[in-house]
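Listing of query17.cif; format and content: mmCIF, N, CA and C atoms.
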```
data_entry
#
loop_
_atom_site.label_atom_id
_atom_site.label_comp_id
_atom_site.auth_asym_id
_atom_site.auth_seq_id
_atom_site.Cartn_x
_atom_site.Cartn_y
_atom_site.Cartn_z
N MET A 29 107.19 87.14 102.31
CA MET A 29 107.30 86.72 100.93
C MET A 29 108.72 86.96 100.45
N LEU A 30 109.35 85.93 99.93
CA LEU A 30 110.71 86.03 99.42
C LEU A 30 110.69 86.33 97.94
N ARG A 31 111.59 87.22 97.52
CA ARG A 31 111.71 87.57 96.10
C ARG A 31 113.17 87.51 95.69
N ASP A 32 113.40 87.26 94.43
CA ASP A 32 114.76 87.26 93.86
C ASP A 32 115.71 86.35 94.62
N VAL A 33 115.29 85.14 94.91
CA VAL A 33 116.10 84.18 95.66
C VAL A 33 117.21 83.65 94.75
N GLU A 34 118.46 83.66 95.25
CA GLU A 34 119.61 83.16 94.49
C GLU A 34 120.55 82.42 95.44
N ILE A 35 120.99 81.25 95.03
CA ILE A 35 121.93 80.46 95.82
C ILE A 35 123.35 80.84 95.41
N SER A 36 124.24 80.92 96.40
CA SER A 36 125.64 81.27 96.15
C SER A 36 126.31 80.21 95.27
N PRO A 37 127.39 80.58 94.57
CA PRO A 37 128.07 79.62 93.70
C PRO A 37 128.56 78.35 94.42
N ASP A 38 128.92 78.47 95.70
CA ASP A 38 129.38 77.28 96.44
C ASP A 38 128.22 76.50 97.06
N GLY A 39 126.99 77.01 96.93
CA GLY A 39 125.82 76.31 97.44
C GLY A 39 125.63 76.36 98.95
N LYS A 40 126.38 77.24 99.63
CA LYS A 40 126.31 77.29 101.09
C LYS A 40 125.45 78.42 101.65
N LYS A 41 125.05 79.35 100.78
CA LYS A 41 124.31 80.52 101.24
C LYS A 41 123.25 80.88 100.23
N VAL A 42 122.20 81.51 100.69
CA VAL A 42 121.16 82.02 99.80
C VAL A 42 120.99 83.51 100.10
N VAL A 43 120.68 84.29 99.06
CA VAL A 43 120.39 85.71 99.22
C VAL A 43 119.00 85.95 98.65
N PHE A 44 118.24 86.86 99.28
CA PHE A 44 116.89 87.14 98.81
C PHE A 44 116.45 88.50 99.32
N GLU A 45 115.39 89.03 98.70
CA GLU A 45 114.77 90.28 99.13
C GLU A 45 113.44 89.95 99.77
N SER A 46 113.16 90.62 100.88
CA SER A 46 111.86 90.49 101.54
C SER A 46 111.53 91.81 102.20
N MET A 47 110.33 92.31 101.94
CA MET A 47 109.85 93.54 102.56
C MET A 47 110.81 94.72 102.34
N GLY A 48 111.46 94.76 101.18
CA GLY A 48 112.30 95.89 100.81
C GLY A 48 113.72 95.84 101.32
N HIS A 49 114.14 94.73 101.90
CA HIS A 49 115.52 94.59 102.37
C HIS A 49 116.09 93.26 101.92
N ILE A 50 117.42 93.20 101.85
CA ILE A 50 118.09 91.98 101.40
C ILE A 50 118.61 91.21 102.61
N TYR A 51 118.41 89.90 102.55
CA TYR A 51 118.83 88.99 103.61
C TYR A 51 119.68 87.88 103.03
N THR A 52 120.55 87.31 103.87
CA THR A 52 121.26 86.08 103.53
C THR A 52 120.93 85.04 104.58
N ARG A 53 121.09 83.80 104.20
CA ARG A 53 120.87 82.70 105.13
C ARG A 53 121.75 81.53 104.71
N ASN A 54 122.36 80.88 105.67
CA ASN A 54 123.16 79.70 105.37
C ASN A 54 122.23 78.54 105.03
N ILE A 55 122.70 77.68 104.14
CA ILE A 55 121.94 76.49 103.78
C ILE A 55 122.88 75.29 103.80
N SER A 56 122.33 74.12 104.02
CA SER A 56 123.09 72.89 104.02
C SER A 56 122.25 71.81 103.36
N GLN A 57 122.78 71.22 102.30
CA GLN A 57 122.09 70.18 101.54
C GLN A 57 120.67 70.61 101.15
N GLY A 58 120.55 71.87 100.72
CA GLY A 58 119.27 72.38 100.24
C GLY A 58 118.30 72.80 101.33
N LYS A 59 118.70 72.70 102.60
CA LYS A 59 117.81 73.07 103.70
C LYS A 59 118.35 74.30 104.41
N ALA A 60 117.42 75.16 104.84
CA ALA A 60 117.80 76.37 105.57
C ALA A 60 118.48 76.01 106.88
N LYS A 61 119.48 76.82 107.24
CA LYS A 61 120.25 76.56 108.45
C LYS A 61 120.49 77.91 109.13
N GLY A 62 120.03 78.07 110.36
CA GLY A 62 120.19 79.34 111.05
C GLY A 62 119.10 80.33 110.69
N LYS A 63 119.25 81.54 111.20
CA LYS A 63 118.26 82.59 110.95
C LYS A 63 118.71 83.49 109.80
N PRO A 64 117.76 84.07 109.08
CA PRO A 64 118.13 85.05 108.05
C PRO A 64 118.82 86.24 108.69
N LYS A 65 119.79 86.82 107.96
CA LYS A 65 120.56 87.96 108.44
C LYS A 65 120.45 89.09 107.42
N ARG A 66 120.13 90.29 107.89
CA ARG A 66 120.11 91.47 107.00
C ARG A 66 121.49 91.68 106.41
N LEU A 67 121.55 91.94 105.14
CA LEU A 67 122.83 92.15 104.47
C LEU A 67 123.43 93.51 104.82
N THR A 68 122.59 94.54 104.91
CA THR A 68 123.04 95.88 105.29
C THR A 68 122.25 96.33 106.51
N LYS A 69 122.68 97.40 107.13
CA LYS A 69 121.98 97.93 108.30
C LYS A 69 121.22 99.22 107.98
N GLN A 70 121.28 99.68 106.75
CA GLN A 70 120.69 100.97 106.38
C GLN A 70 119.16 100.92 106.43
N SER A 71 118.56 102.09 106.55
CA SER A 71 117.10 102.19 106.51
C SER A 71 116.65 103.37 105.64
N SER A 72 117.54 103.87 104.79
CA SER A 72 117.22 105.06 104.00
C SER A 72 116.62 104.75 102.63
N HIS A 73 116.67 103.50 102.18
CA HIS A 73 116.11 103.15 100.88
C HIS A 73 115.73 101.67 100.86
N PHE A 74 114.97 101.28 99.84
CA PHE A 74 114.63 99.88 99.64
C PHE A 74 115.74 99.20 98.85
N GLU A 75 115.91 97.90 99.07
CA GLU A 75 116.91 97.10 98.38
C GLU A 75 116.20 96.00 97.59
N LEU A 76 116.68 95.71 96.39
CA LEU A 76 116.05 94.69 95.58
C LEU A 76 117.00 94.08 94.57
N ASN A 77 116.61 92.98 93.96
CA ASN A 77 117.34 92.29 92.89
C ASN A 77 118.77 91.89 93.26
N PRO A 78 119.01 91.21 94.38
CA PRO A 78 120.37 90.83 94.74
C PRO A 78 120.92 89.72 93.83
N SER A 79 122.23 89.74 93.60
CA SER A 79 122.87 88.72 92.79
C SER A 79 124.32 88.54 93.25
N PHE A 80 124.76 87.29 93.41
CA PHE A 80 126.13 86.97 93.83
C PHE A 80 127.11 87.18 92.69
N SER A 81 128.36 87.54 93.05
CA SER A 81 129.46 87.48 92.10
C SER A 81 129.80 86.01 91.89
N ARG A 82 130.53 85.68 90.85
CA ARG A 82 130.84 84.28 90.55
C ARG A 82 131.68 83.61 91.63
N ASP A 83 132.48 84.40 92.38
CA ASP A 83 133.27 83.81 93.47
C ASP A 83 132.50 83.81 94.79
N GLY A 84 131.29 84.41 94.80
CA GLY A 84 130.45 84.42 95.99
C GLY A 84 130.85 85.41 97.06
N LYS A 85 131.86 86.24 96.80
CA LYS A 85 132.37 87.17 97.82
C LYS A 85 131.60 88.49 97.86
N LYS A 86 130.92 88.84 96.78
CA LYS A 86 130.20 90.11 96.71
C LYS A 86 128.76 89.88 96.26
N ILE A 87 127.93 90.85 96.60
CA ILE A 87 126.53 90.85 96.15
C ILE A 87 126.25 92.22 95.55
N VAL A 88 125.67 92.23 94.37
CA VAL A 88 125.25 93.47 93.73
C VAL A 88 123.74 93.55 93.86
N TYR A 89 123.22 94.77 94.04
CA TYR A 89 121.78 94.93 94.18
C TYR A 89 121.36 96.33 93.75
N ALA A 90 120.07 96.48 93.50
CA ALA A 90 119.50 97.77 93.13
C ALA A 90 118.84 98.38 94.37
N THR A 91 118.71 99.70 94.37
CA THR A 91 118.02 100.39 95.47
C THR A 91 116.90 101.25 94.91
N TRP A 92 116.00 101.65 95.80
CA TRP A 92 114.94 102.57 95.41
C TRP A 92 114.55 103.45 96.59
N HIS A 93 114.35 104.75 96.30
CA HIS A 93 113.84 105.73 97.24
C HIS A 93 112.95 106.67 96.44
N ASP A 94 111.73 106.92 96.92
CA ASP A 94 110.76 107.70 96.14
C ASP A 94 111.26 109.09 95.76
N GLN A 95 112.00 109.77 96.62
CA GLN A 95 112.49 111.10 96.27
C GLN A 95 113.87 111.07 95.61
N ASN A 96 114.73 110.17 96.05
CA ASN A 96 116.12 110.15 95.55
C ASN A 96 116.35 109.19 94.40
N GLN A 97 115.30 108.47 93.97
CA GLN A 97 115.40 107.50 92.88
C GLN A 97 116.28 106.32 93.31
N GLY A 98 116.92 105.66 92.36
CA GLY A 98 117.63 104.43 92.67
C GLY A 98 119.11 104.46 92.33
N GLN A 99 119.79 103.38 92.74
CA GLN A 99 121.21 103.20 92.53
C GLN A 99 121.50 101.72 92.33
N ILE A 100 122.72 101.42 91.91
CA ILE A 100 123.25 100.06 91.90
C ILE A 100 124.37 100.06 92.93
N ARG A 101 124.34 99.08 93.84
CA ARG A 101 125.32 99.02 94.92
C ARG A 101 125.94 97.63 95.00
N ILE A 102 127.15 97.58 95.55
CA ILE A 102 127.86 96.32 95.80
C ILE A 102 128.22 96.26 97.27
N VAL A 103 128.11 95.07 97.87
CA VAL A 103 128.45 94.87 99.27
C VAL A 103 129.08 93.48 99.41
N SER A 104 129.89 93.30 100.44
CA SER A 104 130.45 91.99 100.74
C SER A 104 129.31 91.02 101.04
N SER A 105 129.45 89.76 100.66
CA SER A 105 128.40 88.78 100.95
C SER A 105 128.29 88.49 102.44
N ARG A 106 129.25 88.96 103.23
CA ARG A 106 129.16 88.83 104.69
C ARG A 106 128.39 89.99 105.31
N GLY A 107 128.07 90.98 104.48
CA GLY A 107 127.32 92.15 104.96
C GLY A 107 128.20 93.37 105.08
N GLY A 108 127.59 94.49 105.42
CA GLY A 108 128.33 95.74 105.57
C GLY A 108 127.60 96.88 104.90
N LYS A 109 128.35 97.92 104.61
CA LYS A 109 127.79 99.10 103.98
C LYS A 109 127.97 98.97 102.47
N GLY A 110 126.90 99.09 101.73
CA GLY A 110 126.97 98.99 100.28
C GLY A 110 127.68 100.18 99.66
N LYS A 111 128.41 99.93 98.58
CA LYS A 111 129.12 100.98 97.84
C LYS A 111 128.36 101.27 96.55
N SER A 112 128.03 102.52 96.32
CA SER A 112 127.30 102.92 95.13
C SER A 112 128.21 102.89 93.91
N LEU A 113 127.71 102.40 92.78
CA LEU A 113 128.50 102.33 91.55
C LEU A 113 128.24 103.48 90.59
N LEU A 114 127.11 104.16 90.71
CA LEU A 114 126.70 105.15 89.72
C LEU A 114 126.64 106.56 90.29
N LYS A 115 126.82 107.54 89.42
CA LYS A 115 126.69 108.93 89.83
C LYS A 115 125.31 109.49 89.50
N GLU A 116 124.67 108.93 88.47
CA GLU A 116 123.36 109.43 88.05
C GLU A 116 122.25 108.62 88.68
N LYS A 117 121.29 109.31 89.27
CA LYS A 117 120.15 108.59 89.82
C LYS A 117 119.19 108.19 88.71
N GLY A 118 118.36 107.18 88.99
CA GLY A 118 117.42 106.68 88.00
C GLY A 118 116.70 105.46 88.54
N LYS A 119 116.00 104.76 87.68
CA LYS A 119 115.32 103.54 88.09
C LYS A 119 116.09 102.37 87.47
N TYR A 120 116.88 101.70 88.30
CA TYR A 120 117.74 100.61 87.87
C TYR A 120 117.23 99.28 88.40
N ILE A 121 117.32 98.25 87.59
CA ILE A 121 116.87 96.92 88.02
C ILE A 121 117.81 95.84 87.50
N GLU A 122 117.70 94.66 88.09
CA GLU A 122 118.33 93.43 87.63
C GLU A 122 119.84 93.50 87.43
N PRO A 123 120.59 94.00 88.40
CA PRO A 123 122.05 94.01 88.23
C PRO A 123 122.62 92.61 88.36
N THR A 124 123.69 92.35 87.63
CA THR A 124 124.39 91.07 87.72
C THR A 124 125.85 91.28 87.34
N PHE A 125 126.72 90.46 87.90
CA PHE A 125 128.15 90.52 87.59
C PHE A 125 128.45 89.81 86.29
N SER A 126 129.47 90.30 85.58
CA SER A 126 129.99 89.58 84.42
C SER A 126 130.70 88.32 84.92
N PRO A 127 130.95 87.34 84.05
CA PRO A 127 131.61 86.11 84.50
C PRO A 127 132.96 86.34 85.19
N ASP A 128 133.73 87.36 84.76
CA ASP A 128 135.02 87.62 85.40
C ASP A 128 134.90 88.48 86.65
N GLY A 129 133.69 88.97 86.97
CA GLY A 129 133.47 89.76 88.16
C GLY A 129 133.93 91.20 88.08
N GLU A 130 134.42 91.63 86.93
CA GLU A 130 134.96 92.99 86.78
C GLU A 130 133.91 94.01 86.36
N THR A 131 132.79 93.56 85.83
CA THR A 131 131.78 94.46 85.29
C THR A 131 130.41 94.10 85.87
N VAL A 132 129.58 95.11 86.06
CA VAL A 132 128.20 94.90 86.49
C VAL A 132 127.29 95.36 85.36
N VAL A 133 126.35 94.52 84.99
CA VAL A 133 125.37 94.85 83.95
C VAL A 133 124.02 95.03 84.63
N TYR A 134 123.25 96.02 84.20
CA TYR A 134 121.94 96.31 84.81
C TYR A 134 121.06 96.94 83.74
N ARG A 135 119.79 97.10 84.09
CA ARG A 135 118.86 97.81 83.19
C ARG A 135 118.42 99.11 83.85
N LYS A 136 118.33 100.16 83.06
CA LYS A 136 117.75 101.43 83.49
C LYS A 136 116.43 101.54 82.77
N ILE A 137 115.35 101.70 83.53
CA ILE A 137 114.02 101.73 82.93
C ILE A 137 113.33 103.06 83.21
N SER A 138 112.25 103.32 82.49
CA SER A 138 111.50 104.55 82.71
C SER A 138 110.64 104.42 83.94
N GLY A 139 110.31 105.57 84.55
CA GLY A 139 109.61 105.57 85.82
C GLY A 139 108.11 105.41 85.75
N GLY A 140 107.49 105.73 84.66
CA GLY A 140 106.04 105.60 84.60
C GLY A 140 105.34 106.87 85.04
N PHE A 141 104.09 106.75 85.40
CA PHE A 141 103.27 107.92 85.69
C PHE A 141 103.36 108.41 87.12
N ILE A 142 103.75 107.57 88.07
CA ILE A 142 103.74 108.01 89.47
C ILE A 142 105.12 108.34 90.01
N THR A 143 106.18 108.13 89.23
CA THR A 143 107.53 108.46 89.71
C THR A 143 108.09 109.64 88.93
N GLU A 144 109.07 110.28 89.49
CA GLU A 144 109.72 111.45 88.92
C GLU A 144 110.26 111.13 87.52
N PRO A 145 109.81 111.85 86.47
CA PRO A 145 110.25 111.55 85.12
C PRO A 145 111.62 112.13 84.76
N SER A 146 112.18 113.01 85.58
CA SER A 146 113.43 113.70 85.24
C SER A 146 114.58 112.76 84.94
N TRP A 147 114.64 111.62 85.60
CA TRP A 147 115.80 110.74 85.47
C TRP A 147 115.52 109.51 84.62
N ASP A 148 114.36 109.42 83.92
CA ASP A 148 114.14 108.23 83.10
C ASP A 148 114.44 108.47 81.64
N LEU A 149 115.09 109.55 81.31
CA LEU A 149 115.54 109.73 79.95
C LEU A 149 116.71 108.79 79.70
N ASN A 150 116.96 108.43 78.47
CA ASN A 150 118.09 107.57 78.10
C ASN A 150 118.07 106.24 78.85
N THR A 151 116.96 105.52 78.75
CA THR A 151 116.88 104.22 79.44
C THR A 151 117.81 103.23 78.79
#
```
Could you write out this structure as structure tokens?
Amino acid sequence: MLRDVEISPDGKKVVFESMGHIYTRNISQGKAKGKPKRLTKQSSHFELNPSFSRDGKKIVYATWHDQNQGQIRIVSSRGGKGKSLLKEKGKYIEPTFSPDGETVVYRKISGGFITEPSWDLNT
């Protein structure tokens, strides 16, 4: 099942989340081309909500780990190791780049009844 599917600004690549990891795949004239490729190689947390920068060179995404909570990370659209943007852990969702690519906007939400409440203050 594919989630959070987004086409790159140049229309040549698609990014999506499936089974807790982010993948990219080349596309041509709206049709899939080649095999999906994992964006990162990590296995320490789940990845979700990927979004391209306006120039298509970077992808921002949210992470989740039941004990360590979540982060917002940026990685090259060609793949690699994601770079964390935040120092405070929490439950973050829906990151996206500003039009100039200099700022990332995201939402911090409360954890609910089954997740650690310590970090959901100041949503």
Record the distance separating atom N of Ile121 in chain A and atom C of Ile137 in chain A, expressed in Å with one decimal. 7.6 Å
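Across the model, the gap from atom N of Thr124 in chain A to atom C of Asp83 in chain A is 14.2 Å.
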Residues matched by the PyMOL selection byres ((chain A and resi 39) around 8), written as a PyMOL selection string: chain A and resi 35-38+40-42+54-58
Explicit residues for the PyMOL selection byres ((chain A and resi 103) around 6.5) (as a list of chain:residue names): A:Lys85, A:Lys86, A:Ile87, A:Val88, A:Tyr89, A:Arg101, A:Ile102, A:Ser104, A:Ser105, A:Arg106, A:Gly107, A:Gly108, A:Lys109, A:Gly110, A:Lys111
Write out as a CSV table (one decimal) with N, CA and C atoms, in the coordinates of the input the residues lying within 7 Å of Lys136 in chain A, counting only C-alpha atoms and excluding same-chain residues fewer than 5 positions away.
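Contents of selection-v3.csv, as written:
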```
chain,number,residue,atom,x,y,z
A,118,GLY,N,118.4,107.2,89.0
A,118,GLY,CA,117.4,106.7,88.0
A,118,GLY,C,116.7,105.5,88.5
A,119,LYS,N,116.0,104.8,87.7
A,119,LYS,CA,115.3,103.5,88.1
A,119,LYS,C,116.1,102.4,87.5
A,120,TYR,N,116.9,101.7,88.3
A,120,TYR,CA,117.7,100.6,87.9
A,120,TYR,C,117.2,99.3,88.4
A,121,ILE,N,117.3,98.2,87.6
A,121,ILE,CA,116.9,96.9,88.0
A,121,ILE,C,117.8,95.8,87.5
A,151,THR,N,117.0,105.5,78.8
A,151,THR,CA,116.9,104.2,79.4
A,151,THR,C,117.8,103.2,78.8
```
For Leu30 in chain A, work out the shell of residues within 8 Å, counting only N, CA and C atoms and skipping chain neighbours fewer than 6 positions away, then give it as a VMD selection string. chain A and resid 44 to 47
Nearest-residue call for Arg135 in chain A, choices A:Glu75, A:Asp94, A:Glu116, A:Glu122, using only N, CA and C atoms: A:Glu122
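The interatomic distance for the pair CA of Pro123 in chain A and CA of Phe80 in chain A works out to 9.9 Å.
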Which residues in range 50-113 of chain A does DSSP call strand (DSSP E)? List them as JSON, numbers by chain. {"A": [50, 51, 52, 53, 54, 55, 56, 59, 60, 61, 62, 63, 64, 65, 66, 74, 75, 76, 77, 78, 79, 80, 86, 87, 88, 89, 90, 91, 92, 100, 101, 102, 103, 104, 111, 112]}
Distance query Ile100 in chain A at most 6 Å, all atoms listed in the file, self and fewer than 3 positions along chain excluded, as a PyMOL selection string: chain A and resi 89-91+111-114
May I have the selected residues written with N, CA and C atoms, as a short mmCIF file (atom, residue, chain, number, x, y, z; two decimals), in the coordinates of the input?
```
data_model
loop_
_atom_site.label_atom_id
_atom_site.label_comp_id
_atom_site.auth_asym_id
_atom_site.auth_seq_id
_atom_site.Cartn_x
_atom_site.Cartn_y
_atom_site.Cartn_z
N TYR A 89 123.22 94.77 94.04
CA TYR A 89 121.78 94.93 94.18
C TYR A 89 121.36 96.33 93.75
N ALA A 90 120.07 96.48 93.50
CA ALA A 90 119.50 97.77 93.13
C ALA A 90 118.84 98.38 94.37
N THR A 91 118.71 99.70 94.37
CA THR A 91 118.02 100.39 95.47
C THR A 91 116.90 101.25 94.91
N LYS A 111 128.41 99.93 98.58
CA LYS A 111 129.12 100.98 97.84
C LYS A 111 128.36 101.27 96.55
N SER A 112 128.03 102.52 96.32
CA SER A 112 127.30 102.92 95.13
C SER A 112 128.21 102.89 93.91
N LEU A 113 127.71 102.40 92.78
CA LEU A 113 128.50 102.33 91.55
C LEU A 113 128.24 103.48 90.59
N LEU A 114 127.11 104.16 90.71
CA LEU A 114 126.70 105.15 89.72
C LEU A 114 126.64 106.56 90.29
#
```
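Among A:Gly48, A:Gln95, A:Lys115, A:Ser81, the residue with the shortest atom-to-atom distance to Val133 in chain A, counting only C-alpha atoms, is A:Ser81.
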Do you know which residues the PyMOL selection byres ((chain A and resi 67) around 5) returns on this file, as a compact mmCIF listing (two decimals) with N, CA and C atoms, in the frame of the given file?
```txt
# COMPACT_ATOMS: atom_id res chain seq x y z
N ILE A 50 117.42 93.20 101.85
CA ILE A 50 118.09 91.98 101.40
C ILE A 50 118.61 91.21 102.61
N TYR A 51 118.41 89.90 102.55
CA TYR A 51 118.83 88.99 103.61
C TYR A 51 119.68 87.88 103.03
N THR A 52 120.55 87.31 103.87
CA THR A 52 121.26 86.08 103.53
C THR A 52 120.93 85.04 104.58
N LYS A 65 119.79 86.82 107.96
CA LYS A 65 120.56 87.96 108.44
C LYS A 65 120.45 89.09 107.42
N ARG A 66 120.13 90.29 107.89
CA ARG A 66 120.11 91.47 107.00
C ARG A 66 121.49 91.68 106.41
N THR A 68 122.59 94.54 104.91
CA THR A 68 123.04 95.88 105.29
C THR A 68 122.25 96.33 106.51
N LYS A 69 122.68 97.40 107.13
CA LYS A 69 121.98 97.93 108.30
C LYS A 69 121.22 99.22 107.98
N GLY A 107 128.07 90.98 104.48
CA GLY A 107 127.32 92.15 104.96
C GLY A 107 128.20 93.37 105.08
N GLY A 108 127.59 94.49 105.42
CA GLY A 108 128.33 95.74 105.57
C GLY A 108 127.60 96.88 104.90
```
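Proximity ranking of A:Lys117, A:Gly129, A:Arg31, A:Arg53 relative to Asn77 in chain A places A:Arg31 first, based on only C-alpha atoms.
Compared by their closest atoms to Asp32 in chain A, and using only N, CA and C atoms, the residues A:Glu130, A:Gly84, A:Pro78, A:His93 rank with A:Pro78 nearest.
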